[in-house]
Amino acid sequence: MKPNPRSIVLDALMRVEENDAYSNIVLGSALRDSGLSGRDRAFAAMLFYGVLERKLLLDYNLSRFSSRSVTKLDPEVLMILRMGLYQLRFMDSVPDRAAVNEAVALCKSKGLHSASGYVNGVLRAAAGTEEILLPEKRKSKNKYLSVKYSCPEKIIKLWRSAYGDDITLRILSGLEGRPPVCARVNTLRTTSEELGARLSDEGISVRSSELVPDCLFLEKTGAIEETKSYREGLFHIQDSASQICCGILSPEEGQTVTDVCSAPGGKSFTIAQLMRNRGRIVSCDLYEHRLGLVKEGAERLGIDIIETMAADSSTEKGFPLSDRILCDVPCSGLGIIRRKPELRYKEDHGLRELPEIQYSILKNCASALRPGGLLVYSTCTLNPEENSGVIRRFLAEMPEFEACPIKLPPGVTRIIGEEENELTLFPAPDSTDGFFISLCRRKK
């Protein structure tokens with residue numbers, strides 16, 4: 001029997017919904033085992049991420065066509081409705097009749113026969129209008145923005161308070177659509193020009209980053225891990241924000257660098273390339289099995305200066321005396337929800353607890369920094385309490401450390417008021433993940 005892309009998407013969406021699973025891992029696994037054609041895989045990915053990215057907007061609109069509260073529906077029925085409405089409103093390639101009929105067929109194939117008539121009625125009513133309904137902005141701007149961009153009000157309030165309305169709108173606009181795929185060129189084996197030509201020959205569209213040397217934006221990648229260039233270790237996937245972060249650390253040949261909370265290893269790999277594979281990198285992570293990803297990646301890329309260390313970075317006393325330390329800490333992830341849209345719907349983002357955990361990691365790791373050495377503290381979140389709040393507390397309480405001004409890469413500008421040792425990157429205008437980087441030095 002020919003595999004049904006909508007059925008595969010429904011199963012994947014339910015795994016994300018019920019198990020708090022990461023969308024990229026769930027979809028990758030589902031498509032790998034699906035037997036779908038390339039065209040159907042692309043359709044499935046668009047539908048899967050589209051429903052995740054617009055869940056609040058879809059639910060708000062479904063409530064206008066449903067005689068029942070969407071919060072009381074069977075979860076699988078609600079997900080089928082979301083899929084159907086997304087096709088009606090946002091997928092021009094799908095005829096309205098097909099969107100409705102396929103949703104009804106999906107109900108029946110999943111044994112939800114009693115709900116098929118209800119699903120048919122709701123989606124037929126929705127198909128009768130092309131209007132996308134939104135709350136009244138004048139009554140509540142937070143509610144309006146929350147529904148329009150499918151982002152919970154608590155996050156909207158945080159961003160408006162921290163960054164103002166203009167930047168908040170930039171962030172929200174950047175949540176829509178799939179984020180760019182960035183490759184870090186493995187300069188130990190090739191050049192940007194050579195890799196770009198190789199990837200073009202493999203059918204991948206390539207353009208160079210205007211902000212980061214040896215960073216390529218890729219389109220039409222398909223299964224990137226299956227390309228010959230990837231298997232030969234000519235690049236690894238890493239957002240340009242993380243590459244900027246590694247550049248600010250400015251590692252040098254022959255140095256000892258400690259990368260805490262390092263798995264799956266992208267920053268360690270870039271640091272090794274900047275060091276020309278000469279020196280020592282200690283890549284640490286709490287979980288041994290995650291360090292396996294670091295080892296595998298280093299071997300594929302031909303990097304032999306990385307050693308791994310399973311450690312709790314908030315308490316470990318066995319870090320080597322280091323010339324550079326990268327402290328990229330666990331965070332709420334509010335800067336990468338365009339990559340993992342499910343993160344925005346978490347009940348608890350840990351906004352109260354995380355700053356203390358982050359501070360404990362930073363303070364403990366800093367003790368291993370050599371006098372005159374540099375330390376980068378970074379997160380992939382957009383929350384000042386986890387970002388500037390942590391590093392400013394650290395500098396205030398640790399007099400042996402001093403702020404070190406960041407030399408901004410060409411083309412990168414600060415768009416919020418912050419200290420010279422701090423840099424917050426936003427999806428717009430930087431075309432990066434939301435990211436925070438700070439730099440300090442241990443006094444000699």
# chains A, B, ... in the order shown; residues from 1 in each chain; ligands from 1
>>> select_by_dssp(residues="region 270-438 of chain A", states="alpha helix (DSSP H)", output="ChimeraX atom specification")
/A:270-274,288-301,354-366,388-397,427-430
>>> closest_residue(among="A:Glu176, A:Ile437, A:Glu342, A:Leu56", to="Asn387 (chain A)", atoms="only C-alpha atoms")
A:Ile437
>>> residues_around(residues="region 216-230 of chain A", least_positions_apart="2", cutoff="10 Å", atoms="only C-alpha atoms", output="PDB file with N, CA and C atoms, in the first residue's frame")
ATOM      1  N   GLY A  28      12.393  13.719  11.383  1.00  0.00           N
ATOM      2  CA  GLY A  28      13.492  13.035  10.701  1.00  0.00           C
ATOM      3  C   GLY A  28      13.320  11.529  10.734  1.00  0.00           C
ATOM      4  N   ARG A  32      12.382   9.190   7.466  1.00  0.00           N
ATOM      5  CA  ARG A  32      13.416   8.205   7.114  1.00  0.00           C
ATOM      6  C   ARG A  32      12.812   6.814   6.917  1.00  0.00           C
ATOM      7  N   GLY A  38      10.110  11.894  -2.839  1.00  0.00           N
ATOM      8  CA  GLY A  38      10.673  13.193  -2.499  1.00  0.00           C
ATOM      9  C   GLY A  38       9.617  14.275  -2.424  1.00  0.00           C
ATOM     10  N   ARG A  41       7.554  13.756   0.717  1.00  0.00           N
ATOM     11  CA  ARG A  41       8.342  14.118   1.906  1.00  0.00           C
ATOM     12  C   ARG A  41       8.326  15.627   2.111  1.00  0.00           C
ATOM     13  N   ALA A  42       8.468  16.379   1.019  1.00  0.00           N
ATOM     14  CA  ALA A  42       8.440  17.837   1.107  1.00  0.00           C
ATOM     15  C   ALA A  42       7.072  18.321   1.583  1.00  0.00           C
ATOM     16  N   PRO A 180      17.015  29.158   8.026  1.00  0.00           N
ATOM     17  CA  PRO A 180      18.081  28.796   7.077  1.00  0.00           C
ATOM     18  C   PRO A 180      18.917  27.632   7.597  1.00  0.00           C
ATOM     19  N   VAL A 181      19.479  26.879   6.666  1.00  0.00           N
ATOM     20  CA  VAL A 181      20.425  25.822   6.999  1.00  0.00           C
ATOM     21  C   VAL A 181      21.818  26.389   6.768  1.00  0.00           C
ATOM     22  N   CYS A 182      22.637  26.403   7.813  1.00  0.00           N
ATOM     23  CA  CYS A 182      23.985  26.969   7.718  1.00  0.00           C
ATOM     24  C   CYS A 182      25.024  25.862   7.828  1.00  0.00           C
ATOM     25  N   ALA A 183      26.016  25.940   6.982  1.00  0.00           N
ATOM     26  CA  ALA A 183      27.127  24.992   7.038  1.00  0.00           C
ATOM     27  C   ALA A 183      28.390  25.720   7.445  1.00  0.00           C
ATOM     28  N   ARG A 184      29.147  25.103   8.333  1.00  0.00           N
ATOM     29  CA  ARG A 184      30.478  25.594   8.666  1.00  0.00           C
ATOM     30  C   ARG A 184      31.483  24.807   7.825  1.00  0.00           C
ATOM     31  N   VAL A 185      32.222  25.503   6.971  1.00  0.00           N
ATOM     32  CA  VAL A 185      33.191  24.861   6.099  1.00  0.00           C
ATOM     33  C   VAL A 185      34.317  24.268   6.949  1.00  0.00           C
ATOM     34  N   SER A 192      35.857  27.499   1.226  1.00  0.00           N
ATOM     35  CA  SER A 192      34.463  27.850   0.946  1.00  0.00           C
ATOM     36  C   SER A 192      34.149  27.724  -0.538  1.00  0.00           C
ATOM     37  N   GLU A 193      35.096  28.169  -1.364  1.00  0.00           N
ATOM     38  CA  GLU A 193      34.871  28.127  -2.814  1.00  0.00           C
ATOM     39  C   GLU A 193      34.768  26.694  -3.315  1.00  0.00           C
ATOM     40  N   LEU A 195      34.058  23.965  -1.538  1.00  0.00           N
ATOM     41  CA  LEU A 195      32.868  23.300  -1.014  1.00  0.00           C
ATOM     42  C   LEU A 195      31.612  23.798  -1.710  1.00  0.00           C
ATOM     43  N   GLY A 196      31.531  25.105  -1.946  1.00  0.00           N
ATOM     44  CA  GLY A 196      30.369  25.639  -2.643  1.00  0.00           C
ATOM     45  C   GLY A 196      30.178  24.994  -4.005  1.00  0.00           C
ATOM     46  N   ARG A 198      31.328  22.022  -4.925  1.00  0.00           N
ATOM     47  CA  ARG A 198      30.951  20.614  -4.717  1.00  0.00           C
ATOM     48  C   ARG A 198      29.464  20.477  -4.405  1.00  0.00           C
ATOM     49  N   LEU A 199      28.976  21.317  -3.505  1.00  0.00           N
ATOM     50  CA  LEU A 199      27.572  21.238  -3.114  1.00  0.00           C
ATOM     51  C   LEU A 199      26.654  21.598  -4.283  1.00  0.00           C
ATOM     52  N   SER A 200      27.059  22.574  -5.075  1.00  0.00           N
ATOM     53  CA  SER A 200      26.263  22.936  -6.256  1.00  0.00           C
ATOM     54  C   SER A 200      26.156  21.763  -7.217  1.00  0.00           C
ATOM     55  N   GLU A 202      26.100  18.787  -6.359  1.00  0.00           N
ATOM     56  CA  GLU A 202      25.206  17.816  -5.732  1.00  0.00           C
ATOM     57  C   GLU A 202      23.761  18.311  -5.680  1.00  0.00           C
ATOM     58  N   GLY A 203      23.488  19.452  -6.348  1.00  0.00           N
ATOM     59  CA  GLY A 203      22.120  19.946  -6.457  1.00  0.00           C
ATOM     60  C   GLY A 203      21.675  20.848  -5.327  1.00  0.00           C
ATOM     61  N   ILE A 204      22.607  21.316  -4.512  1.00  0.00           N
ATOM     62  CA  ILE A 204      22.267  22.176  -3.377  1.00  0.00           C
ATOM     63  C   ILE A 204      22.580  23.626  -3.728  1.00  0.00           C
ATOM     64  N   SER A 205      21.630  24.529  -3.443  1.00  0.00           N
ATOM     65  CA  SER A 205      21.864  25.957  -3.675  1.00  0.00           C
ATOM     66  C   SER A 205      22.708  26.520  -2.535  1.00  0.00           C
ATOM     67  N   VAL A 206      23.702  27.319  -2.870  1.00  0.00           N
ATOM     68  CA  VAL A 206      24.676  27.797  -1.886  1.00  0.00           C
ATOM     69  C   VAL A 206      24.864  29.305  -2.029  1.00  0.00           C
ATOM     70  N   ARG A 207      24.918  29.997  -0.883  1.00  0.00           N
ATOM     71  CA  ARG A 207      25.359  31.391  -0.877  1.00  0.00           C
ATOM     72  C   ARG A 207      26.192  31.632   0.371  1.00  0.00           C
ATOM     73  N   SER A 208      27.151  32.526   0.264  1.00  0.00           N
ATOM     74  CA  SER A 208      28.057  32.801   1.375  1.00  0.00           C
ATOM     75  C   SER A 208      27.420  33.762   2.363  1.00  0.00           C
ATOM     76  N   SER A 209      27.736  33.593   3.640  1.00  0.00           N
ATOM     77  CA  SER A 209      27.280  34.515   4.666  1.00  0.00           C
ATOM     78  C   SER A 209      27.999  35.846   4.521  1.00  0.00           C
ATOM     79  N   GLU A 210      27.274  36.929   4.751  1.00  0.00           N
ATOM     80  CA  GLU A 210      27.885  38.250   4.718  1.00  0.00           C
ATOM     81  C   GLU A 210      28.499  38.616   6.068  1.00  0.00           C
ATOM     82  N   VAL A 212      29.888  36.020   8.435  1.00  0.00           N
ATOM     83  CA  VAL A 212      30.822  35.055   9.006  1.00  0.00           C
ATOM     84  C   VAL A 212      31.669  34.417   7.907  1.00  0.00           C
ATOM     85  N   PRO A 213      32.988  34.462   8.025  1.00  0.00           N
ATOM     86  CA  PRO A 213      33.835  33.756   7.046  1.00  0.00           C
ATOM     87  C   PRO A 213      33.602  32.244   7.132  1.00  0.00           C
ATOM     88  N   ASP A 214      33.694  31.577   6.002  1.00  0.00           N
ATOM     89  CA  ASP A 214      33.593  30.119   5.932  1.00  0.00           C
ATOM     90  C   ASP A 214      32.246  29.601   6.431  1.00  0.00           C
ATOM     91  N   GLU A 232      32.149  12.941   3.598  1.00  0.00           N
ATOM     92  CA  GLU A 232      33.598  13.109   3.523  1.00  0.00           C
ATOM     93  C   GLU A 232      34.129  14.120   4.536  1.00  0.00           C
ATOM     94  N   GLY A 233      33.216  14.671   5.362  1.00  0.00           N
ATOM     95  CA  GLY A 233      33.644  15.564   6.433  1.00  0.00           C
ATOM     96  C   GLY A 233      34.088  16.938   5.971  1.00  0.00           C
ATOM     97  N   LEU A 234      33.461  17.455   4.926  1.00  0.00           N
ATOM     98  CA  LEU A 234      33.844  18.768   4.411  1.00  0.00           C
ATOM     99  C   LEU A 234      33.116  19.908   5.103  1.00  0.00           C
ATOM    100  N   PHE A 235      32.128  19.605   5.937  1.00  0.00           N
ATOM    101  CA  PHE A 235      31.410  20.648   6.665  1.00  0.00           C
ATOM    102  C   PHE A 235      30.609  20.024   7.800  1.00  0.00           C
ATOM    103  N   HIS A 236      30.168  20.855   8.708  1.00  0.00           N
ATOM    104  CA  HIS A 236      29.150  20.452   9.674  1.00  0.00           C
ATOM    105  C   HIS A 236      28.093  21.539   9.727  1.00  0.00           C
ATOM    106  N   ILE A 237      26.903  21.160  10.175  1.00  0.00           N
ATOM    107  CA  ILE A 237      25.792  22.102  10.233  1.00  0.00           C
ATOM    108  C   ILE A 237      25.876  22.889  11.533  1.00  0.00           C
ATOM    109  N   GLN A 238      25.857  24.221  11.409  1.00  0.00           N
ATOM    110  CA  GLN A 238      25.951  25.086  12.592  1.00  0.00           C
ATOM    111  C   GLN A 238      25.436  26.477  12.232  1.00  0.00           C
ATOM    112  N   ASP A 239      24.503  26.985  13.034  1.00  0.00           N
ATOM    113  CA  ASP A 239      23.959  28.311  12.754  1.00  0.00           C
ATOM    114  C   ASP A 239      25.055  29.364  12.812  1.00  0.00           C
ATOM    115  N   SER A 240      24.868  30.425  12.057  1.00  0.00           N
ATOM    116  CA  SER A 240      25.885  31.471  11.996  1.00  0.00           C
ATOM    117  C   SER A 240      26.098  32.155  13.337  1.00  0.00           C
ATOM    118  N   ARG A 300      34.595  12.221  11.790  1.00  0.00           N
ATOM    119  CA  ARG A 300      34.158  12.490  10.417  1.00  0.00           C
ATOM    120  C   ARG A 300      34.879  13.697   9.842  1.00  0.00           C
ATOM    121  N   LEU A 301      35.139  14.707  10.659  1.00  0.00           N
ATOM    122  CA  LEU A 301      35.757  15.948  10.206  1.00  0.00           C
ATOM    123  C   LEU A 301      37.287  15.896  10.213  1.00  0.00           C
TER     124      LEU A 301
END
>>> residues_around(residues="Val77 (chain A)", least_positions_apart="3", cutoff="10 Å", atoms="only C-alpha atoms", output="list of chain:residue names")
A:Leu10, A:Val70, A:Leu73, A:Asp74, A:Ile80, A:Leu81, A:Arg82, A:Met83, A:Ala103, A:Leu106, A:Cys107, A:Lys110, A:Leu112, A:Ala115, A:Ser116, A:Tyr118, A:Val119
>>> write_last_selection(atoms="N, CA and C atoms", output="short mmCIF file (atom, residue, chain, number, x, y, z; two decimals), in the first residue's frame")
data_model
loop_
_atom_site.label_atom_id
_atom_site.label_comp_id
_atom_site.auth_asym_id
_atom_site.auth_seq_id
_atom_site.Cartn_x
_atom_site.Cartn_y
_atom_site.Cartn_z
N LEU A 10 0.33 13.11 10.95
CA LEU A 10 -0.51 13.04 12.15
C LEU A 10 0.21 12.28 13.26
N VAL A 70 -12.62 23.60 21.50
CA VAL A 70 -11.51 22.82 20.97
C VAL A 70 -10.67 22.22 22.09
N LEU A 73 -11.84 18.60 22.84
CA LEU A 73 -11.86 17.59 21.78
C LEU A 73 -10.82 16.50 22.05
N ASP A 74 -11.07 15.33 21.50
CA ASP A 74 -10.06 14.28 21.51
C ASP A 74 -8.80 14.84 20.86
N ILE A 80 -6.19 16.51 13.64
CA ILE A 80 -6.67 16.34 12.28
C ILE A 80 -7.32 17.64 11.79
N LEU A 81 -8.07 18.29 12.67
CA LEU A 81 -8.68 19.58 12.31
C LEU A 81 -7.62 20.63 12.02
N ARG A 82 -6.59 20.67 12.85
CA ARG A 82 -5.51 21.63 12.61
C ARG A 82 -4.86 21.39 11.25
N MET A 83 -4.60 20.12 10.95
CA MET A 83 -3.99 19.79 9.67
C MET A 83 -4.89 20.21 8.51
N ALA A 103 -9.08 14.81 5.43
CA ALA A 103 -9.22 14.86 6.89
C ALA A 103 -10.26 13.86 7.37
N LEU A 106 -8.84 10.46 7.09
CA LEU A 106 -7.85 10.24 8.14
C LEU A 106 -8.53 9.85 9.45
N CYS A 107 -9.66 10.50 9.74
CA CYS A 107 -10.45 10.11 10.92
C CYS A 107 -10.83 8.63 10.86
N LYS A 110 -8.06 6.12 11.36
CA LYS A 110 -7.57 6.06 12.74
C LYS A 110 -8.62 5.53 13.71
N LEU A 112 -11.61 6.77 14.20
CA LEU A 112 -12.38 7.86 14.80
C LEU A 112 -13.65 8.10 13.98
N ALA A 115 -16.24 10.77 14.87
CA ALA A 115 -15.84 12.18 14.73
C ALA A 115 -15.78 12.64 13.29
N SER A 116 -15.94 11.71 12.34
CA SER A 116 -15.73 12.07 10.94
C SER A 116 -16.75 13.09 10.45
N TYR A 118 -18.32 15.33 12.28
CA TYR A 118 -18.01 16.60 12.93
C TYR A 118 -16.84 17.29 12.22
N VAL A 119 -15.79 16.54 11.93
CA VAL A 119 -14.63 17.09 11.23
C VAL A 119 -15.04 17.60 9.85
#
>>> residues_around(residues="region 43-47 of chain A", least_positions_apart="2", cutoff="9 Å", atoms="only C-alpha atoms", output="list in words")
Pro5, Arg6, Ile8, Val9, Leu27, Leu31, Gly38, Arg39, Asp40, Arg41, Tyr49, Gly50, Val51, Leu52, Met83, Tyr86, Gln87, Met91, Gly177 and Arg178 of chain A
>>> residues_around(residues="region 376-384 of chain A", least_positions_apart="6", cutoff="6 Å", atoms="only C-alpha atoms", output="list in words")
Leu326, Cys327, Asp328, Val329, Gly333, Leu334, Gly335, Gly434, Phe435, Phe436, Ile437, Ser438 and Leu439 of chain A
>>> write_last_selection(atoms="C-alpha atoms", output="PDB file, in the first residue's frame")
ATOM      1  CA  LEU A 326      33.392  28.537  26.217  1.00  0.00           C
ATOM      2  CA  CYS A 327      30.490  28.380  28.632  1.00  0.00           C
ATOM      3  CA  ASP A 328      27.443  27.836  26.415  1.00  0.00           C
ATOM      4  CA  VAL A 329      24.901  27.009  29.085  1.00  0.00           C
ATOM      5  CA  GLY A 333      15.796  28.238  24.110  1.00  0.00           C
ATOM      6  CA  LEU A 334      13.662  31.257  23.237  1.00  0.00           C
ATOM      7  CA  GLY A 335      16.147  32.180  20.519  1.00  0.00           C
ATOM      8  CA  GLY A 434      18.433  34.490  18.717  1.00  0.00           C
ATOM      9  CA  PHE A 435      21.688  34.358  20.664  1.00  0.00           C
ATOM     10  CA  PHE A 436      23.580  36.079  23.472  1.00  0.00           C
ATOM     11  CA  ILE A 437      27.375  36.301  23.740  1.00  0.00           C
ATOM     12  CA  SER A 438      29.483  37.965  26.415  1.00  0.00           C
ATOM     13  CA  LEU A 439      33.257  38.125  26.795  1.00  0.00           C
TER      14      LEU A 439
END
